[in-house]
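Peer 1: Here it is, the structure, as structure tokens.
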Amino acid sequence: PKENRLSLADLVSHRKTGVDNTGNVCVWDSELSLAYLLYHHYSDFPFASESSPRRILELGTGMAGLSAIALGLRLILLEPSDAQSMVHVTLTDGHPDGVQNNRVNKFLTTILSAAEEQHPYNWLDISTQVLLWTTNVDPCISPPQDLVLVSDCTHFQTFHAALAITALKSLRVGGIAIFCQPTRGDSLDNFCTLLKTCSALVALDWLSHPVLEKHDSQAVETYPTLYDRDLHCPRVLLIRKLREMTETDCLTFVQHQATRH
């Protein structure tokens, strides 16, 4: 019936579920880029020399949770077979369709990997859940995570405070959140500015990588009229949590977002 058909506006807006649906359209370039770097170039990340993360959370996974699973598999493969231990991966999204698709992916991949006893996927403890970003300081993920992964989620600037608070309250002290995003106008810079408003809460560092630089240069040369660095070139931001987050920190983020121009 005509009244039951979803319009394009319904599919990409908050009308039906209260959560943006763009993550369910495809696997976006930033997610692919971060998954590739974490799997093929894990040793290039500054935290690779520290103890291996065992708890990984991805926010805004969309339909695949690709970067968290790629990192989990890489961590398993880096360990000798007689020393392998479970890596706990939590895939979250605010949209139930994305979470349901991740559950189906897990079910099907578990069946396929079960035939091979030493398949690295067998050492991943994957859970999925609907998780809305909130400005409440109370933890929503327990226990605290070693790494939080976020791909292309800072473009909705009205959610900056909630995204920052959700990511940081999910991390243990000393843990790192990895944001892989294009700049998208002033959205990424504004997110970084918000993070700096709380004293000694986080340390920010940009990861430059030759793979990203190579493909950026090739795209500029090959597609000069199509390629737009602002929209297409992912940047990797590392956010280390230095201390516990307080209610005052949450209020600072919220107030900064409300008053910035």
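The chains in the structure tokens are called A, B, ... from first to last as shown; in each chain the residues are counted from 1, and the ligands are counted from 1 in the order shown.
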Residues of region 48-105 of chain A that approach region 137-158 of chain A to 12 Å or less, counting only C-alpha atoms: could you list each one with the shortest pair of atoms and its distance in Å to one decimal, rows by chain and increasing residue number, as a Markdown table?
Peer 2:
```
| residue | atom | partner | partner_atom | distance |
| --- | --- | --- | --- | --- |
| A:Ala48 | CA | A:Leu147 | CA | 11.6 |
| A:Glu50 | CA | A:Asp146 | CA | 11.0 |
| A:Ser51 | CA | A:Asp146 | CA | 9.9 |
| A:Ser52 | CA | A:Asp146 | CA | 8.9 |
| A:Pro53 | CA | A:Asp146 | CA | 5.4 |
| A:Arg54 | CA | A:Asp146 | CA | 6.8 |
| A:Arg55 | CA | A:Gln145 | CA | 5.1 |
| A:Ile56 | CA | A:Leu147 | CA | 4.9 |
| A:Leu57 | CA | A:Val148 | CA | 4.7 |
| A:Glu58 | CA | A:Leu149 | CA | 4.6 |
| A:Leu59 | CA | A:Val150 | CA | 5.4 |
| A:Gly60 | CA | A:Val150 | CA | 6.6 |
| A:Thr61 | CA | A:Val150 | CA | 7.8 |
| A:Gly62 | CA | A:Ser151 | CA | 9.7 |
| A:Ala64 | CA | A:Ser151 | CA | 11.8 |
| A:Gly65 | CA | A:Leu149 | CA | 9.5 |
| A:Leu66 | CA | A:Ser151 | CA | 10.1 |
| A:Ser67 | CA | A:Leu149 | CA | 7.5 |
| A:Ala68 | CA | A:Leu149 | CA | 6.9 |
| A:Ile69 | CA | A:Leu149 | CA | 10.7 |
| A:Ala70 | CA | A:Leu149 | CA | 11.4 |
| A:Leu71 | CA | A:Leu149 | CA | 9.9 |
| A:Gly72 | CA | A:Leu147 | CA | 10.9 |
| A:Val87 | CA | A:Asp146 | CA | 10.8 |
| A:His88 | CA | A:Gln145 | CA | 9.3 |
| A:Val89 | CA | A:Gln145 | CA | 9.5 |
| A:Thr90 | CA | A:Ile141 | CA | 9.1 |
| A:Leu91 | CA | A:Leu149 | CA | 9.7 |
| A:Thr92 | CA | A:Ile141 | CA | 10.2 |
| A:Asp93 | CA | A:Val150 | CA | 10.7 |
| A:Gly94 | CA | A:Cys153 | CA | 11.9 |
```
Peer 1: When you look at His209 (chain A) with a cut-off of 12 Å (counting only C-alpha atoms), what residues show up, excluding the ones that are within fewer than 6 positions of it in the same chain? I need them as a ChimeraX atom specification.
Peer 2: /A:33-34,36-38,41-46,215-216,234-237
Peer 1: May I have the selected residues written with N, CA, C and O atoms, as an mmCIF file, in the first residue's frame?
Peer 2:
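Writing the result to result_23.cif gives the following:
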```
data_model
loop_
_atom_site.group_PDB
_atom_site.id
_atom_site.type_symbol
_atom_site.label_atom_id
_atom_site.label_comp_id
_atom_site.auth_asym_id
_atom_site.auth_seq_id
_atom_site.Cartn_x
_atom_site.Cartn_y
_atom_site.Cartn_z
ATOM 1 N N SER A 33 39.085 2.412 5.061
ATOM 2 C CA SER A 33 40.456 2.879 5.259
ATOM 3 C C SER A 33 40.985 2.466 6.624
ATOM 4 O O SER A 33 42.122 1.978 6.750
ATOM 5 N N LEU A 34 40.179 2.652 7.664
ATOM 6 C CA LEU A 34 40.621 2.303 9.007
ATOM 7 C C LEU A 34 40.800 0.790 9.143
ATOM 8 O O LEU A 34 41.777 0.324 9.753
ATOM 9 N N TYR A 36 41.613 -1.299 6.789
ATOM 10 C CA TYR A 36 42.835 -1.658 6.054
ATOM 11 C C TYR A 36 44.082 -1.332 6.877
ATOM 12 O O TYR A 36 45.005 -2.154 6.997
ATOM 13 N N LEU A 37 44.117 -0.135 7.453
ATOM 14 C CA LEU A 37 45.292 0.262 8.224
ATOM 15 C C LEU A 37 45.471 -0.612 9.462
ATOM 16 O O LEU A 37 46.595 -1.036 9.778
ATOM 17 N N LEU A 38 44.401 -0.894 10.163
ATOM 18 C CA LEU A 38 44.507 -1.693 11.382
ATOM 19 C C LEU A 38 44.915 -3.131 11.082
ATOM 20 O O LEU A 38 45.642 -3.749 11.869
ATOM 21 N N HIS A 41 48.611 -2.664 8.711
ATOM 22 C CA HIS A 41 49.672 -1.788 9.223
ATOM 23 C C HIS A 41 49.498 -1.521 10.715
ATOM 24 O O HIS A 41 49.791 -0.420 11.193
ATOM 25 N N TYR A 42 49.071 -2.522 11.439
ATOM 26 C CA TYR A 42 48.836 -2.347 12.874
ATOM 27 C C TYR A 42 50.093 -1.866 13.597
ATOM 28 O O TYR A 42 50.019 -1.014 14.499
ATOM 29 N N SER A 43 51.244 -2.349 13.210
ATOM 30 C CA SER A 43 52.490 -1.993 13.894
ATOM 31 C C SER A 43 52.837 -0.515 13.737
ATOM 32 O O SER A 43 53.682 0.007 14.473
ATOM 33 N N ASP A 44 52.201 0.175 12.795
ATOM 34 C CA ASP A 44 52.472 1.600 12.601
ATOM 35 C C ASP A 44 51.696 2.493 13.570
ATOM 36 O O ASP A 44 51.952 3.700 13.632
ATOM 37 N N PHE A 45 50.764 1.923 14.299
ATOM 38 C CA PHE A 45 50.037 2.696 15.299
ATOM 39 C C PHE A 45 50.879 2.777 16.573
ATOM 40 O O PHE A 45 51.494 1.785 16.974
ATOM 41 N N PRO A 46 50.942 3.941 17.200
ATOM 42 C CA PRO A 46 51.850 4.113 18.343
ATOM 43 C C PRO A 46 51.551 3.212 19.525
ATOM 44 O O PRO A 46 52.433 2.926 20.325
ATOM 45 N N HIS A 215 47.593 7.368 -1.767
ATOM 46 C CA HIS A 215 46.314 7.329 -2.477
ATOM 47 C C HIS A 215 45.702 8.716 -2.619
ATOM 48 O O HIS A 215 45.009 8.988 -3.606
ATOM 49 N N ASP A 216 45.961 9.579 -1.661
ATOM 50 C CA ASP A 216 45.501 10.958 -1.778
ATOM 51 C C ASP A 216 46.164 11.637 -2.974
ATOM 52 O O ASP A 216 45.487 12.280 -3.788
ATOM 53 N N PRO A 234 40.417 10.581 4.236
ATOM 54 C CA PRO A 234 40.263 10.326 5.673
ATOM 55 C C PRO A 234 41.487 10.778 6.463
ATOM 56 O O PRO A 234 42.622 10.647 6.019
ATOM 57 N N ARG A 235 41.226 11.319 7.643
ATOM 58 C CA ARG A 235 42.282 11.666 8.593
ATOM 59 C C ARG A 235 42.092 10.812 9.841
ATOM 60 O O ARG A 235 40.957 10.514 10.234
ATOM 61 N N VAL A 236 43.197 10.409 10.430
ATOM 62 C CA VAL A 236 43.140 9.493 11.572
ATOM 63 C C VAL A 236 43.550 10.255 12.830
ATOM 64 O O VAL A 236 44.688 10.720 12.954
ATOM 65 N N LEU A 237 42.617 10.376 13.753
ATOM 66 C CA LEU A 237 42.827 11.080 15.014
ATOM 67 C C LEU A 237 42.879 10.067 16.155
ATOM 68 O O LEU A 237 41.983 9.235 16.304
#
```
Peer 1: Could you check how far CA of Gln118 (chain A) sits from CA of Arg103 (chain A), in Å to one decimal?
Peer 2: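 So the answer is 22.1 Å.
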Peer 1: Of the candidates A:Asn122, A:Asn190, A:Thr110, A:Leu32, which one gets nearest to Ala161 (chain A) if we count only C-alpha atoms?
Peer 2: A:Asn190
Peer 1: In Å to one decimal, how far is CA of Ser127 (chain A) from CA of Leu112 (chain A)?
Peer 2: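 A separation of 17.7 Å between them.
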Peer 1: When DSSP is applied to the backbone of this structure, which of region 108-252 of chain A are assigned helix (DSSP H, G or I)? Write them out as a PyMOL selection string.
Peer 2: chain A and resi 108-114+120-123+157-170+187-195+210-222+229-232+247-252
Peer 1: Which residues come within 12 Å of Cys192 (chain A), counting only C-alpha atoms, excluding same-chain residues fewer than 5 positions away, as a list in words?
Peer 2: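 Here the answer would be Thr154, Gln157, His160, Ala161, Leu163, Ala164, Phe179, Gln181, Thr183, Asp186, Ser187, Thr197, Cys198, Val202, Ala203, Leu204, Asp205, Trp206, Leu237, Leu238, Ile239, Phe253, His256 and Gln257 of chain A.
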Peer 1: Determine which residues of region 84-149 of chain A receive a DSSP assignment of strand (DSSP E), computed from the backbone, and state them as a PDB file with N, CA, C and O atoms, in the first residue's frame.
Peer 2:
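The new file states-v6.pdb reads:
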```pdb
ATOM      1  N   VAL A  87      39.713 -12.155  22.024  1.00  0.00           N
ATOM      2  CA  VAL A  87      39.607 -10.706  21.858  1.00  0.00           C
ATOM      3  C   VAL A  87      38.117 -10.383  21.856  1.00  0.00           C
ATOM      4  O   VAL A  87      37.351 -10.963  21.079  1.00  0.00           O
ATOM      5  N   HIS A  88      37.710  -9.484  22.733  1.00  0.00           N
ATOM      6  CA  HIS A  88      36.294  -9.141  22.882  1.00  0.00           C
ATOM      7  C   HIS A  88      35.984  -7.921  22.023  1.00  0.00           C
ATOM      8  O   HIS A  88      36.567  -6.846  22.213  1.00  0.00           O
ATOM      9  N   VAL A  89      35.082  -8.090  21.082  1.00  0.00           N
ATOM     10  CA  VAL A  89      34.703  -7.035  20.144  1.00  0.00           C
ATOM     11  C   VAL A  89      33.223  -6.722  20.344  1.00  0.00           C
ATOM     12  O   VAL A  89      32.375  -7.625  20.265  1.00  0.00           O
ATOM     13  N   THR A  90      32.920  -5.455  20.603  1.00  0.00           N
ATOM     14  CA  THR A  90      31.535  -5.027  20.769  1.00  0.00           C
ATOM     15  C   THR A  90      31.166  -4.082  19.634  1.00  0.00           C
ATOM     16  O   THR A  90      31.804  -3.036  19.462  1.00  0.00           O
ATOM     17  N   LEU A  91      30.171  -4.463  18.851  1.00  0.00           N
ATOM     18  CA  LEU A  91      29.722  -3.685  17.696  1.00  0.00           C
ATOM     19  C   LEU A  91      28.416  -2.986  18.069  1.00  0.00           C
ATOM     20  O   LEU A  91      27.440  -3.639  18.450  1.00  0.00           O
ATOM     21  N   THR A  92      28.403  -1.660  17.959  1.00  0.00           N
ATOM     22  CA  THR A  92      27.211  -0.918  18.367  1.00  0.00           C
ATOM     23  C   THR A  92      26.799   0.088  17.307  1.00  0.00           C
ATOM     24  O   THR A  92      27.619   0.621  16.563  1.00  0.00           O
ATOM     25  N   ASP A  93      25.517   0.346  17.258  1.00  0.00           N
ATOM     26  CA  ASP A  93      24.956   1.386  16.406  1.00  0.00           C
ATOM     27  C   ASP A  93      23.648   1.821  17.037  1.00  0.00           C
ATOM     28  O   ASP A  93      23.020   1.045  17.771  1.00  0.00           O
ATOM     29  N   LEU A 124      37.442 -14.679  18.397  1.00  0.00           N
ATOM     30  CA  LEU A 124      36.773 -13.394  18.599  1.00  0.00           C
ATOM     31  C   LEU A 124      35.472 -13.615  19.363  1.00  0.00           C
ATOM     32  O   LEU A 124      34.630 -14.417  18.963  1.00  0.00           O
ATOM     33  N   ASP A 125      35.332 -12.907  20.459  1.00  0.00           N
ATOM     34  CA  ASP A 125      34.082 -12.899  21.209  1.00  0.00           C
ATOM     35  C   ASP A 125      33.326 -11.641  20.791  1.00  0.00           C
ATOM     36  O   ASP A 125      33.603 -10.545  21.273  1.00  0.00           O
ATOM     37  N   ILE A 126      32.396 -11.780  19.851  1.00  0.00           N
ATOM     38  CA  ILE A 126      31.709 -10.640  19.259  1.00  0.00           C
ATOM     39  C   ILE A 126      30.315 -10.491  19.859  1.00  0.00           C
ATOM     40  O   ILE A 126      29.533 -11.445  19.912  1.00  0.00           O
ATOM     41  N   SER A 127      30.024  -9.288  20.329  1.00  0.00           N
ATOM     42  CA  SER A 127      28.675  -8.978  20.798  1.00  0.00           C
ATOM     43  C   SER A 127      28.167  -7.760  20.038  1.00  0.00           C
ATOM     44  O   SER A 127      28.944  -6.928  19.560  1.00  0.00           O
ATOM     45  N   THR A 128      26.871  -7.662  19.907  1.00  0.00           N
ATOM     46  CA  THR A 128      26.241  -6.558  19.178  1.00  0.00           C
ATOM     47  C   THR A 128      25.149  -5.951  20.040  1.00  0.00           C
ATOM     48  O   THR A 128      24.467  -6.675  20.785  1.00  0.00           O
ATOM     49  N   GLN A 129      24.986  -4.654  19.958  1.00  0.00           N
ATOM     50  CA  GLN A 129      23.902  -4.021  20.716  1.00  0.00           C
ATOM     51  C   GLN A 129      23.572  -2.652  20.157  1.00  0.00           C
ATOM     52  O   GLN A 129      24.414  -1.999  19.529  1.00  0.00           O
ATOM     53  N   VAL A 130      22.318  -2.260  20.371  1.00  0.00           N
ATOM     54  CA  VAL A 130      21.902  -0.896  20.052  1.00  0.00           C
ATOM     55  C   VAL A 130      22.456   0.017  21.141  1.00  0.00           C
ATOM     56  O   VAL A 130      22.274  -0.244  22.336  1.00  0.00           O
ATOM     57  N   GLN A 145      36.744  -0.207  27.934  1.00  0.00           N
ATOM     58  CA  GLN A 145      37.376  -0.760  26.746  1.00  0.00           C
ATOM     59  C   GLN A 145      38.819  -0.258  26.576  1.00  0.00           C
ATOM     60  O   GLN A 145      39.171   0.828  27.038  1.00  0.00           O
ATOM     61  N   ASP A 146      39.634  -1.066  25.888  1.00  0.00           N
ATOM     62  CA  ASP A 146      41.004  -0.666  25.581  1.00  0.00           C
ATOM     63  C   ASP A 146      41.043   0.280  24.378  1.00  0.00           C
ATOM     64  O   ASP A 146      41.847   1.212  24.338  1.00  0.00           O
ATOM     65  N   LEU A 147      40.196  -0.002  23.381  1.00  0.00           N
ATOM     66  CA  LEU A 147      40.152   0.813  22.170  1.00  0.00           C
ATOM     67  C   LEU A 147      38.698   1.073  21.794  1.00  0.00           C
ATOM     68  O   LEU A 147      37.850   0.179  21.897  1.00  0.00           O
ATOM     69  N   VAL A 148      38.430   2.294  21.327  1.00  0.00           N
ATOM     70  CA  VAL A 148      37.129   2.635  20.748  1.00  0.00           C
ATOM     71  C   VAL A 148      37.381   3.119  19.330  1.00  0.00           C
ATOM     72  O   VAL A 148      38.241   3.978  19.104  1.00  0.00           O
ATOM     73  N   LEU A 149      36.658   2.562  18.369  1.00  0.00           N
ATOM     74  CA  LEU A 149      36.823   2.909  16.957  1.00  0.00           C
ATOM     75  C   LEU A 149      35.581   3.649  16.461  1.00  0.00           C
ATOM     76  O   LEU A 149      34.449   3.234  16.740  1.00  0.00           O
TER      77      LEU A 149
END
```
Peer 1: Restricting the calculation to only C-alpha atoms: of A:Ala162, A:Ile178, A:Ala167, A:Leu132, which residue gets closest to Glu31 (chain A)?
Peer 2: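 Under the stated criterion, the closest residue is A:Ile178.
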Peer 1: Check the smallest atom-to-atom distance from each of A:Ala200, A:Val254, A:Leu131, A:Leu242 to Thr166 (chain A) using only C-alpha atoms, then report the winner.
Peer 2: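 Of A:Ala200, A:Val254, A:Leu131, A:Leu242, the one nearest Thr166 (chain A) is A:Leu131, counting only C-alpha atoms.
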Peer 1: So that I can check the surroundings of Ala219 (chain A), please list as a list in words every protein, DNA and RNA residue that reaches within 12 Å of it, counting only C-alpha atoms and ignoring chain neighbours fewer than 6 positions away.
Peer 2: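 The contact residues come out as Leu212, Glu213, Thr225, Leu226, Tyr227, Asp228, Arg229, His232 and Cys233 of chain A.
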